[in-house]
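Right, one structure below, let's go through it.
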Amino acid sequence: MPFMDLIKKAIFEEEPLAQQPAKPATRPATARPLEPAPAYVPMGTRDDQFYTRLAKQTDLSAVPELAKIEAFAAPLASVIPDKALRYKAALATAQSQGGLTKDAILKGFDALLNVLNSSASTFNKQTDEVSRTEVDAKIAKINDVNDAIQQKQKEISDLQQQVKSMQSQTEVSRSKLQEAKNNFAAALERRRAEIQQQRKEFETILG
């Protein structure tokens with residue numbers, strides 16, 4: 001599975017409910033590969049997928065020099081159990097029969113490291129691409145939504161201020177209206193009293 005598919009799967013696939021224990025692969029004794037120093041500890045299904053992809057890209061048998069030293073070492077496994085002695089003997093035979101050298105073997109491992117570095121570069125480029133299309137795009141959308149929320153909150157705040165202002169104006173208008181009613185009532189009673197007094201005067205005058 002290409003790195004891009006593994007990356008997207010890592011993003012969108014739900015976490016597994018439980019990890020299944022890895023089953024050790026069985027290999028015939030006559031086809032045992034080179035034994036590099038253990039440097040990888042499986043962390044989970046998704047990590048294993050990346051590791052499987054990298055291991056396939058950097059398989060030791062793909063390098064002629066490494067495949068050749070293994071071809072000479074494999075038949076000696078039952079005769080020379082010690083790994084160091086077995087591969088030294090294999091190298092001596094390979095040098096005499098096939099012209100294989102220590103430098104060629106080490107350069108074979110360097111070639112695998114170069115493939116690994118190239119895979120890392122490809123992976124980083126693809127994760128950057130996924131980040132732009134999947135992560136950064138969502139962050140931009142989140143920012144747009146947050147901006148819209150802030151705009152709505154500002155509009156709500158402005159409307160609330162308008163309500164408070166109108167409430168204040170309403171109280172002032174109510175107070176002034178009540179004052180006008182009171183003034184009118186006072187003026188009404190004052191003028192009524194004046195007219196009543198004048199009526200009494202004219203009633204007296206006119207006998």
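Quick note on naming: the chains in the structure tokens go A, B, ... in the order shown, residues restart at 1 in each chain, and ligands are numbered from 1 in order of appearance.
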Item to complete: List every residue of region 46-165 of chain A that DSSP, applied to the backbone of this structure, assigns to alpha helix (DSSP H), and report them as a PyMOL selection string.
Response: chain A and resi 46-57+64-73+83-98+102-130+137-165
Notebook entry, point to check: For Ala77 (chain A), which residue out of A:Thr127, A:Ala186, A:Ala89, A:Ala94 is the nearest one, using only C-alpha atoms?
Noted result: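 Going through A:Thr127, A:Ala186, A:Ala89, A:Ala94 one by one, the smallest distance to Ala77 (chain A) is for A:Ala89.
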#### Entry: Pick from A:Asp48, A:Asp110, A:Asp147, A:Asp82, whichever lies nearest to Leu66 (chain A) using only C-alpha atoms
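Closest to Leu66 (chain A) of all the choices is A:Asp110.
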Counting only C-alpha atoms, the residue among A:Phe50, A:Val63, A:Lys176, A:Ala137 that lies closest to Ser119 (chain A) is A:Phe50
Taken to one decimal, the CA of Leu76 (chain A)-CA of Leu112 (chain A) distance is 25.1 Å
inquiry  = Taking 6 positions as the minimum chain separation for residues in the same chain, which residues sit within 9 Å of region 102-107 of chain A when counting only C-alpha atoms? Answer as number ranges by chain.
reply    = A: 65-66, 69, 91, 95
Saved selection, atoms kept: C-alpha atoms, as a PDB file, in the first residue's frame:
ATOM      1  CA  GLU A  65      26.066  -8.012  -2.839  1.00  0.00           C
ATOM      2  CA  LEU A  66      23.931  -8.771   0.216  1.00  0.00           C
ATOM      3  CA  ILE A  69      26.927 -13.098   0.867  1.00  0.00           C
ATOM      4  CA  LEU A  91      33.008 -13.732   2.772  1.00  0.00           C
ATOM      5  CA  GLN A  95      35.954 -13.286  -2.320  1.00  0.00           C
TER       6      GLN A  95
END
